[in-house]
>>> print(open('query32.pdb').read())   # PDB, C-alpha atoms
ATOM      1  CA  MET H   1      30.656  -4.613   5.508  1.00  0.00           C
ATOM      2  CA  ALA H   2      29.670  -1.158   6.732  1.00  0.00           C
ATOM      3  CA  ILE H   3      26.406   0.244   5.403  1.00  0.00           C
ATOM      4  CA  VAL H   4      27.012   3.665   3.894  1.00  0.00           C
ATOM      5  CA  TYR H   5      23.558   4.260   2.436  1.00  0.00           C
ATOM      6  CA  GLU H   6      20.164   2.638   2.802  1.00  0.00           C
ATOM      7  CA  ARG H   7      16.496   3.365   2.274  1.00  0.00           C
ATOM      8  CA  SER H   8      15.084   5.769   4.833  1.00  0.00           C
ATOM      9  CA  LYS H   9      13.047   4.134   7.559  1.00  0.00           C
ATOM     10  CA  GLY H  10      10.490   6.811   6.765  1.00  0.00           C
ATOM     11  CA  LEU H  11       9.662   5.024   3.489  1.00  0.00           C
ATOM     12  CA  THR H  12       8.020   1.654   2.914  1.00  0.00           C
ATOM     13  CA  ASN H  13       9.463  -0.955   0.559  1.00  0.00           C
ATOM     14  CA  ALA H  14       6.716  -0.356  -2.002  1.00  0.00           C
ATOM     15  CA  GLU H  15       7.829   0.361  -5.566  1.00  0.00           C
ATOM     16  CA  THR H  16       6.479   3.754  -6.591  1.00  0.00           C
ATOM     17  CA  HIS H  17       4.218   4.328  -9.584  1.00  0.00           C
ATOM     18  CA  TYR H  18       5.988   7.523 -10.656  1.00  0.00           C
ATOM     19  CA  CYS H  19       7.342   7.841 -14.181  1.00  0.00           C
ATOM     20  CA  PRO H  20      11.103   7.477 -14.789  1.00  0.00           C
ATOM     21  CA  GLY H  21      12.811  10.806 -14.138  1.00  0.00           C
ATOM     22  CA  CYS H  22       9.967  12.244 -12.067  1.00  0.00           C
ATOM     23  CA  THR H  23      11.314  13.966  -8.971  1.00  0.00           C
ATOM     24  CA  HIS H  24       8.381  13.053  -6.725  1.00  0.00           C
ATOM     25  CA  GLY H  25      10.561  10.185  -5.506  1.00  0.00           C
ATOM     26  CA  ILE H  26      13.290  12.606  -4.468  1.00  0.00           C
ATOM     27  CA  ALA H  27      10.778  14.759  -2.598  1.00  0.00           C
ATOM     28  CA  HIS H  28       9.403  11.678  -0.820  1.00  0.00           C
ATOM     29  CA  LYS H  29      12.923  10.729   0.244  1.00  0.00           C
ATOM     30  CA  LEU H  30      13.639  14.186   1.657  1.00  0.00           C
ATOM     31  CA  VAL H  31      10.388  14.292   3.626  1.00  0.00           C
ATOM     32  CA  ALA H  32      10.930  10.789   4.997  1.00  0.00           C
ATOM     33  CA  GLU H  33      14.532  11.477   6.000  1.00  0.00           C
ATOM     34  CA  SER H  34      13.516  14.701   7.710  1.00  0.00           C
ATOM     35  CA  LEU H  35      10.857  12.995   9.811  1.00  0.00           C
ATOM     36  CA  VAL H  36      13.348  10.339  10.888  1.00  0.00           C
ATOM     37  CA  GLU H  37      16.148  12.783  11.653  1.00  0.00           C
ATOM     38  CA  LEU H  38      13.838  14.945  13.766  1.00  0.00           C
ATOM     39  CA  GLY H  39      12.612  11.873  15.659  1.00  0.00           C
ATOM     40  CA  VAL H  40       8.937  12.429  14.817  1.00  0.00           C
ATOM     41  CA  LEU H  41       8.202   9.646  12.327  1.00  0.00           C
ATOM     42  CA  ASP H  42       6.144   7.723  14.872  1.00  0.00           C
ATOM     43  CA  LYS H  43       3.810  10.674  15.425  1.00  0.00           C
ATOM     44  CA  ALA H  44       3.701  12.043  11.872  1.00  0.00           C
ATOM     45  CA  VAL H  45       0.449  12.171   9.902  1.00  0.00           C
ATOM     46  CA  GLY H  46       0.597  12.932   6.196  1.00  0.00           C
ATOM     47  CA  VAL H  47      -2.306  14.046   4.016  1.00  0.00           C
ATOM     48  CA  ALA H  48      -2.283  12.956   0.382  1.00  0.00           C
ATOM     49  CA  PRO H  49      -4.705  14.643  -2.031  1.00  0.00           C
ATOM     50  CA  VAL H  50      -5.660  13.900  -5.631  1.00  0.00           C
ATOM     51  CA  GLY H  51      -2.929  14.028  -8.274  1.00  0.00           C
ATOM     52  CA  CYS H  52       0.255  12.110  -8.997  1.00  0.00           C
ATOM     53  CA  SER H  53       0.822  11.833  -5.244  1.00  0.00           C
ATOM     54  CA  VAL H  54      -2.590  10.276  -4.640  1.00  0.00           C
ATOM     55  CA  LEU H  55      -0.931   6.979  -3.665  1.00  0.00           C
ATOM     56  CA  ALA H  56       1.586   8.569  -1.269  1.00  0.00           C
ATOM     57  CA  TYR H  57      -0.001   6.601   1.569  1.00  0.00           C
ATOM     58  CA  ASN H  58       1.683   3.520   0.079  1.00  0.00           C
ATOM     59  CA  TYR H  59       5.152   5.055   0.345  1.00  0.00           C
ATOM     60  CA  PHE H  60       5.447   6.962   3.614  1.00  0.00           C
ATOM     61  CA  ASN H  61       6.020   4.792   6.681  1.00  0.00           C
ATOM     62  CA  CYS H  62       3.747   6.878   8.891  1.00  0.00           C
ATOM     63  CA  ASP H  63       0.024   7.399   9.288  1.00  0.00           C
ATOM     64  CA  MET H  64      -1.564   8.848   6.150  1.00  0.00           C
ATOM     65  CA  GLN H  65      -4.979  10.302   5.386  1.00  0.00           C
ATOM     66  CA  GLU H  66      -6.509  10.725   1.929  1.00  0.00           C
ATOM     67  CA  ALA H  67      -8.161  14.069   1.128  1.00  0.00           C
ATOM     68  CA  ALA H  68     -10.496  15.215  -1.613  1.00  0.00           C
ATOM     69  CA  HIS H  69      -8.928  17.206  -4.445  1.00  0.00           C
ATOM     70  CA  GLY H  70      -7.472  20.439  -3.073  1.00  0.00           C
ATOM     71  CA  ARG H  71      -8.729  19.923   0.468  1.00  0.00           C
ATOM     72  CA  ALA H  72      -5.548  18.622   2.090  1.00  0.00           C
ATOM     73  CA  PRO H  73      -4.900  21.822   4.103  1.00  0.00           C
ATOM     74  CA  ALA H  74      -8.423  21.643   5.531  1.00  0.00           C
ATOM     75  CA  VAL H  75      -8.000  17.966   6.427  1.00  0.00           C
ATOM     76  CA  ALA H  76      -4.560  18.657   7.906  1.00  0.00           C
ATOM     77  CA  THR H  77      -6.053  21.499   9.947  1.00  0.00           C
ATOM     78  CA  GLY H  78      -8.668  19.182  11.421  1.00  0.00           C
ATOM     79  CA  ILE H  79      -6.114  16.535  12.314  1.00  0.00           C
ATOM     80  CA  LYS H  80      -3.722  19.026  13.912  1.00  0.00           C
ATOM     81  CA  ARG H  81      -6.423  20.694  15.971  1.00  0.00           C
ATOM     82  CA  VAL H  82      -7.731  17.370  17.286  1.00  0.00           C
ATOM     83  CA  ARG H  83      -4.255  15.884  17.774  1.00  0.00           C
ATOM     84  CA  PRO H  84      -1.943  18.880  18.392  1.00  0.00           C
ATOM     85  CA  ASP H  85       0.955  16.679  19.475  1.00  0.00           C
ATOM     86  CA  ASN H  86       1.130  14.995  16.062  1.00  0.00           C
ATOM     87  CA  ILE H  87       3.322  16.359  13.270  1.00  0.00           C
ATOM     88  CA  VAL H  88       0.934  16.934  10.380  1.00  0.00           C
ATOM     89  CA  PHE H  89       1.916  17.604   6.782  1.00  0.00           C
ATOM     90  CA  SER H  90       0.213  17.806   3.420  1.00  0.00           C
ATOM     91  CA  TYR H  91       1.950  16.753   0.213  1.00  0.00           C
ATOM     92  CA  GLN H  92       0.351  18.487  -2.783  1.00  0.00           C
ATOM     93  CA  GLY H  93       0.893  19.113  -6.464  1.00  0.00           C
ATOM     94  CA  ASP H  94       0.298  22.334  -8.361  1.00  0.00           C
ATOM     95  CA  GLY H  95      -2.956  21.218  -9.973  1.00  0.00           C
ATOM     96  CA  ASP H  96      -4.228  20.413  -6.505  1.00  0.00           C
ATOM     97  CA  LEU H  97      -2.887  23.238  -4.344  1.00  0.00           C
ATOM     98  CA  ALA H  98      -2.751  26.084  -6.877  1.00  0.00           C
ATOM     99  CA  SER H  99      -6.080  25.430  -8.599  1.00  0.00           C
ATOM    100  CA  ILE H 100      -8.997  23.699  -6.899  1.00  0.00           C
ATOM    101  CA  GLY H 101      -7.286  24.063  -3.511  1.00  0.00           C
ATOM    102  CA  THR H 102      -6.349  27.748  -3.663  1.00  0.00           C
ATOM    103  CA  ALA H 103      -8.900  28.800  -1.040  1.00  0.00           C
ATOM    104  CA  GLU H 104      -7.841  26.055   1.364  1.00  0.00           C
ATOM    105  CA  ILE H 105      -4.124  26.861   1.201  1.00  0.00           C
ATOM    106  CA  VAL H 106      -4.624  30.632   1.489  1.00  0.00           C
ATOM    107  CA  HIS H 107      -6.924  30.380   4.503  1.00  0.00           C
ATOM    108  CA  ALA H 108      -4.814  27.726   6.245  1.00  0.00           C
ATOM    109  CA  ALA H 109      -1.892  30.121   5.874  1.00  0.00           C
ATOM    110  CA  HIS H 110      -4.004  33.101   6.950  1.00  0.00           C
ATOM    111  CA  ARG H 111      -5.005  31.286  10.154  1.00  0.00           C
ATOM    112  CA  SER H 112      -1.355  30.234  10.586  1.00  0.00           C
ATOM    113  CA  GLU H 113      -2.337  26.624  11.151  1.00  0.00           C
ATOM    114  CA  ASN H 114       0.646  24.864  12.691  1.00  0.00           C
ATOM    115  CA  ILE H 115       1.115  22.449   9.788  1.00  0.00           C
ATOM    116  CA  THR H 116       3.787  21.802   7.170  1.00  0.00           C
ATOM    117  CA  VAL H 117       2.967  21.884   3.456  1.00  0.00           C
ATOM    118  CA  ILE H 118       5.150  20.265   0.796  1.00  0.00           C
ATOM    119  CA  PHE H 119       4.131  21.777  -2.555  1.00  0.00           C
ATOM    120  CA  ILE H 120       5.347  20.079  -5.762  1.00  0.00           C
ATOM    121  CA  ASN H 121       5.351  22.454  -8.745  1.00  0.00           C
ATOM    122  CA  ASN H 122       5.973  20.755 -12.087  1.00  0.00           C
ATOM    123  CA  ALA H 123       4.064  23.317 -14.169  1.00  0.00           C
ATOM    124  CA  ILE H 124       1.531  20.840 -15.524  1.00  0.00           C
ATOM    125  CA  TYR H 125      -1.260  18.431 -14.594  1.00  0.00           C
ATOM    126  CA  GLY H 126       0.594  15.129 -14.398  1.00  0.00           C
ATOM    127  CA  MET H 127      -1.853  12.381 -13.459  1.00  0.00           C
ATOM    128  CA  THR H 128      -4.722  13.417 -15.731  1.00  0.00           C
ATOM    129  CA  GLY H 129      -2.800  13.675 -18.990  1.00  0.00           C
ATOM    130  CA  GLY H 130      -0.733  16.837 -19.190  1.00  0.00           C
ATOM    131  CA  GLN H 131      -3.260  19.665 -19.198  1.00  0.00           C
ATOM    132  CA  MET H 132      -2.341  23.296 -18.535  1.00  0.00           C
ATOM    133  CA  ALA H 133      -1.993  24.016 -14.818  1.00  0.00           C
ATOM    134  CA  PRO H 134      -2.137  27.348 -12.970  1.00  0.00           C
ATOM    135  CA  THR H 135       1.670  27.136 -12.890  1.00  0.00           C
ATOM    136  CA  THR H 136       2.196  26.343 -16.598  1.00  0.00           C
ATOM    137  CA  LEU H 137       4.666  28.842 -18.068  1.00  0.00           C
ATOM    138  CA  LEU H 138       3.818  31.340 -20.792  1.00  0.00           C
ATOM    139  CA  GLY H 139       4.408  29.707 -24.153  1.00  0.00           C
ATOM    140  CA  GLN H 140       4.508  26.219 -22.646  1.00  0.00           C
ATOM    141  CA  LYS H 141       2.592  23.677 -24.695  1.00  0.00           C
ATOM    142  CA  THR H 142       0.233  21.245 -22.994  1.00  0.00           C
ATOM    143  CA  THR H 143      -2.712  19.129 -24.118  1.00  0.00           C
ATOM    144  CA  THR H 144      -5.026  22.065 -23.427  1.00  0.00           C
ATOM    145  CA  SER H 145      -2.665  24.828 -24.596  1.00  0.00           C
ATOM    146  CA  GLN H 146      -1.295  23.387 -27.816  1.00  0.00           C
ATOM    147  CA  ASN H 147      -0.138  26.795 -29.049  1.00  0.00           C
ATOM    148  CA  GLY H 148       1.480  27.523 -25.712  1.00  0.00           C
ATOM    149  CA  ARG H 149       0.002  29.326 -22.749  1.00  0.00           C
ATOM    150  CA  GLN H 150      -1.035  32.874 -23.666  1.00  0.00           C
ATOM    151  CA  LEU H 151      -1.145  35.836 -21.319  1.00  0.00           C
ATOM    152  CA  GLU H 152      -4.345  37.119 -22.914  1.00  0.00           C
ATOM    153  CA  GLY H 153      -7.221  34.883 -21.966  1.00  0.00           C
ATOM    154  CA  GLN H 154      -5.203  32.451 -19.836  1.00  0.00           C
ATOM    155  CA  GLY H 155      -3.306  34.809 -17.561  1.00  0.00           C
ATOM    156  CA  ALA H 156       0.158  34.567 -16.092  1.00  0.00           C
ATOM    157  CA  PRO H 157       1.337  31.528 -14.108  1.00  0.00           C
ATOM    158  CA  ILE H 158       0.596  31.778 -10.391  1.00  0.00           C
ATOM    159  CA  ARG H 159       3.599  32.229  -8.114  1.00  0.00           C
ATOM    160  CA  ILE H 160       2.373  30.533  -4.955  1.00  0.00           C
ATOM    161  CA  ALA H 161       5.402  31.314  -2.783  1.00  0.00           C
ATOM    162  CA  GLU H 162       5.176  35.008  -3.576  1.00  0.00           C
ATOM    163  CA  LEU H 163       1.414  35.000  -3.027  1.00  0.00           C
ATOM    164  CA  LEU H 164       1.589  33.303   0.374  1.00  0.00           C
ATOM    165  CA  SER H 165       4.504  35.461   1.470  1.00  0.00           C
ATOM    166  CA  GLN H 166       2.008  38.335   1.633  1.00  0.00           C
ATOM    167  CA  VAL H 167      -0.290  36.450   4.020  1.00  0.00           C
ATOM    168  CA  PRO H 168       0.488  37.478   7.616  1.00  0.00           C
ATOM    169  CA  GLY H 169      -0.138  34.000   9.006  1.00  0.00           C
ATOM    170  CA  ALA H 170       2.333  32.307   6.668  1.00  0.00           C
ATOM    171  CA  LYS H 171       5.343  32.125   8.944  1.00  0.00           C
ATOM    172  CA  SER H 172       7.771  30.270   6.682  1.00  0.00           C
ATOM    173  CA  VAL H 173       7.700  30.307   2.870  1.00  0.00           C
ATOM    174  CA  GLU H 174      10.552  28.936   0.769  1.00  0.00           C
ATOM    175  CA  ARG H 175      11.036  27.771  -2.822  1.00  0.00           C
ATOM    176  CA  VAL H 176      13.611  25.120  -3.708  1.00  0.00           C
ATOM    177  CA  SER H 177      14.377  22.914  -6.688  1.00  0.00           C
ATOM    178  CA  LEU H 178      15.028  19.208  -7.180  1.00  0.00           C
ATOM    179  CA  HIS H 179      16.966  19.341 -10.451  1.00  0.00           C
ATOM    180  CA  ASN H 180      20.513  18.706  -9.232  1.00  0.00           C
ATOM    181  CA  THR H 181      22.463  17.510  -6.203  1.00  0.00           C
ATOM    182  CA  GLN H 182      23.313  20.965  -4.876  1.00  0.00           C
ATOM    183  CA  ASN H 183      19.691  22.085  -4.905  1.00  0.00           C
ATOM    184  CA  ILE H 184      18.408  18.785  -3.534  1.00  0.00           C
ATOM    185  CA  ARG H 185      20.627  19.326  -0.493  1.00  0.00           C
ATOM    186  CA  LYS H 186      19.179  22.826  -0.057  1.00  0.00           C
ATOM    187  CA  ALA H 187      15.674  21.387  -0.418  1.00  0.00           C
ATOM    188  CA  LYS H 188      16.409  18.929   2.383  1.00  0.00           C
ATOM    189  CA  GLN H 189      17.405  21.758   4.711  1.00  0.00           C
ATOM    190  CA  ALA H 190      14.259  23.714   3.828  1.00  0.00           C
ATOM    191  CA  ILE H 191      12.036  20.711   4.563  1.00  0.00           C
ATOM    192  CA  LEU H 192      13.830  20.031   7.842  1.00  0.00           C
ATOM    193  CA  LYS H 193      13.332  23.669   8.826  1.00  0.00           C
ATOM    194  CA  ALA H 194       9.630  23.570   7.915  1.00  0.00           C
ATOM    195  CA  PHE H 195       9.041  20.550  10.152  1.00  0.00           C
ATOM    196  CA  LYS H 196      11.153  22.094  12.925  1.00  0.00           C
ATOM    197  CA  ASN H 197       8.921  25.189  12.772  1.00  0.00           C
ATOM    198  CA  GLN H 198       5.914  22.977  13.452  1.00  0.00           C
ATOM    199  CA  ILE H 199       7.654  21.184  16.306  1.00  0.00           C
ATOM    200  CA  ASP H 200       8.442  24.584  17.824  1.00  0.00           C
ATOM    201  CA  GLY H 201       4.839  25.754  17.360  1.00  0.00           C
ATOM    202  CA  LYS H 202       5.724  28.606  15.017  1.00  0.00           C
ATOM    203  CA  GLY H 203       2.746  28.219  12.680  1.00  0.00           C
ATOM    204  CA  PHE H 204       2.205  27.639   8.980  1.00  0.00           C
ATOM    205  CA  SER H 205       5.197  26.586   6.851  1.00  0.00           C
ATOM    206  CA  ILE H 206       5.314  25.760   3.142  1.00  0.00           C
ATOM    207  CA  VAL H 207       8.160  24.519   0.952  1.00  0.00           C
ATOM    208  CA  GLU H 208       7.562  24.835  -2.791  1.00  0.00           C
ATOM    209  CA  CYS H 209       9.666  22.305  -4.711  1.00  0.00           C
ATOM    210  CA  LEU H 210      10.237  22.841  -8.430  1.00  0.00           C
ATOM    211  CA  SER H 211       9.919  19.400  -9.974  1.00  0.00           C
ATOM    212  CA  THR H 212      10.019  17.684 -13.365  1.00  0.00           C
ATOM    213  CA  CYS H 213       7.406  15.835 -15.401  1.00  0.00           C
ATOM    214  CA  PRO H 214       9.363  14.209 -18.257  1.00  0.00           C
ATOM    215  CA  THR H 215       6.366  12.239 -19.545  1.00  0.00           C
ATOM    216  CA  ASN H 216       3.971  15.141 -20.000  1.00  0.00           C
ATOM    217  CA  TRP H 217       6.721  17.573 -20.962  1.00  0.00           C
ATOM    218  CA  GLY H 218       7.711  15.127 -23.705  1.00  0.00           C
ATOM    219  CA  LYS H 219      11.366  15.128 -22.635  1.00  0.00           C
ATOM    220  CA  SER H 220      13.965  12.685 -21.432  1.00  0.00           C
ATOM    221  CA  PRO H 221      14.731  12.812 -17.701  1.00  0.00           C
ATOM    222  CA  VAL H 222      18.039  14.585 -18.373  1.00  0.00           C
ATOM    223  CA  ASP H 223      16.470  17.127 -20.736  1.00  0.00           C
ATOM    224  CA  ALA H 224      13.651  17.714 -18.238  1.00  0.00           C
ATOM    225  CA  MET H 225      16.166  18.678 -15.542  1.00  0.00           C
ATOM    226  CA  LYS H 226      17.794  21.118 -17.960  1.00  0.00           C
ATOM    227  CA  TRP H 227      14.410  22.554 -18.992  1.00  0.00           C
ATOM    228  CA  LEU H 228      13.493  23.167 -15.352  1.00  0.00           C
ATOM    229  CA  GLU H 229      16.747  25.016 -14.729  1.00  0.00           C
ATOM    230  CA  GLU H 230      16.543  27.129 -17.880  1.00  0.00           C
ATOM    231  CA  ASN H 231      12.817  27.879 -17.901  1.00  0.00           C
ATOM    232  CA  MET H 232      11.182  27.405 -14.504  1.00  0.00           C
ATOM    233  CA  ILE H 233      13.783  28.953 -12.206  1.00  0.00           C
ATOM    234  CA  PRO H 234      13.892  32.301 -14.066  1.00  0.00           C
ATOM    235  CA  TYR H 235      10.121  32.654 -13.513  1.00  0.00           C
ATOM    236  CA  TYR H 236      10.008  30.892 -10.143  1.00  0.00           C
ATOM    237  CA  PRO H 237      13.163  32.179  -8.404  1.00  0.00           C
ATOM    238  CA  LEU H 238      14.535  30.082  -5.580  1.00  0.00           C
ATOM    239  CA  GLY H 239      14.903  31.413  -2.073  1.00  0.00           C
ATOM    240  CA  VAL H 240      13.352  32.229   1.276  1.00  0.00           C
ATOM    241  CA  PHE H 241      10.295  34.482   1.038  1.00  0.00           C
ATOM    242  CA  ARG H 242       9.232  34.551   4.707  1.00  0.00           C
ATOM    243  CA  THR H 243      10.704  33.417   7.993  1.00  0.00           C
ATOM    244  CA  PRO H 244       8.987  33.145  11.394  1.00  0.00           C
ATOM    245  CA  GLU H 245      11.014  36.142  12.575  1.00  0.00           C
ATOM    246  CA  GLU H 246       9.448  38.470   9.997  1.00  0.00           C
ATOM    247  CA  GLU H 247       6.183  40.314  10.567  1.00  0.00           C
ATOM    248  CA  ILE H 248       3.877  41.929   7.983  1.00  0.00           C
TER     249      ILE H 248
END
>>> encode(input="query32.pdb", output="structure tokens")
Amino acid sequence: MAIVYERSKGLTNAETHYCPGCTHGIAHKLVAESLVELGVLDKAVGVAPVGCSVLAYNYFNCDMQEAAHGRAPAVATGIKRVRPDNIVFSYQGDGDLASIGTAEIVHAAHRSENITVIFINNAIYGMTGGQMAPTTLLGQKTTTSQNGRQLEGQGAPIRIAELLSQVPGAKSVERVSLHNTQNIRKAKQAILKAFKNQIDGKGFSIVECLSTCPTNWGKSPVDAMKWLEENMIPYYPLGVFRTPEEEI
């Protein structure tokens, strides 16, 4: 019988720890498939920070390095500079990249480090119990914003793609979503392009992936997908914000 679909060789056989309906698994699949399709799995090095993706080293079938909370871009920079022929990527959540790791991601982009960053934005702290994140939407309730996030005192949610698009060294900046088949296919192309940029030596690339967190949002997986589409995308519009051909 012909095989029409199978697990990517870029993933191990380990069962993931992610909650049902979480789209981290989809993102993992897209990254793994991209590395295989580009023929660079055997020289890929991933950097997993603190957060829901802290155990990513169990799932990707390539070399992985653990980083302290928020420091994945700095660790990835060190690896890439020492081993420039390797394909180096960080895989980070919003509590990691957009909060404690803001300085690291901005300066890695500013230096145009030739790395690829996969940024998972689910608008909440997932692993630690559902606290308000820098990306939590106005009015969104979390364990630390039980009346909903307020503009006064808590500020507006950070739009990382828009922020980094203003950094001259950020050569490729794109935001995609993982909430339906059509957008998952677009996300795959964005991730492929980000890795291809690194292969071609074009500098810093980041793909922001809008993701779900059914457990901490208090929603079913289906309702979480709908909530992302109706609430996150209007504030975090999808699209390409920078390409290597553009100059600031």
>>> residues_around(input="query32.pdb", residues="Val173 (chain H)", least_positions_apart="5", cutoff="12 Å", atoms="all atoms listed in the file", output="number ranges by chain")
H: 109, 112, 116-119, 159-168, 190-191, 193-194, 197, 203-209, 238-246
>>> atom_distance(input="query32.pdb", atom1="CA of Met64 (chain H)", atom2="CA of Leu97 (chain H)")
17.9 Å
>>> resolve_selection(input="query32.pdb", expression="the PyMOL selection byres ((chain H and resi 38) around 10)", output="MDAnalysis selection string")
chainID H and resid 33:37 39:41 192 195:196 199
>>> resolve_selection(input="query32.pdb", expression="the PyMOL selection byres ((chain H and resi 84) around 12)", output="NGL selection string")
:H and (43-45 or 76-83 or 85-88 or 113-115 or 198-201 or 203)
>>> residues_around(input="query32.pdb", residues="Asn122 (chain H)", least_positions_apart="3", cutoff="7 Å", atoms="only C-alpha atoms", output="list in words")
Asp94, Leu210, Ser211, Thr212 and Cys213 of chain H
>>> atom_distance(input="query32.pdb", atom1="CA of Leu137 (chain H)", atom2="CA of Pro157 (chain H)")
5.8 Å
>>> closest_residue(input="query32.pdb", among="H:Gln150, H:Ser53, H:Ser177, H:Thr144", to="Met127 (chain H)", atoms="all atoms listed in the file")
H:Ser53
>>> atom_distance(input="query32.pdb", atom1="CA of Arg71 (chain H)", atom2="CA of Ile100 (chain H)")
8.3 Å
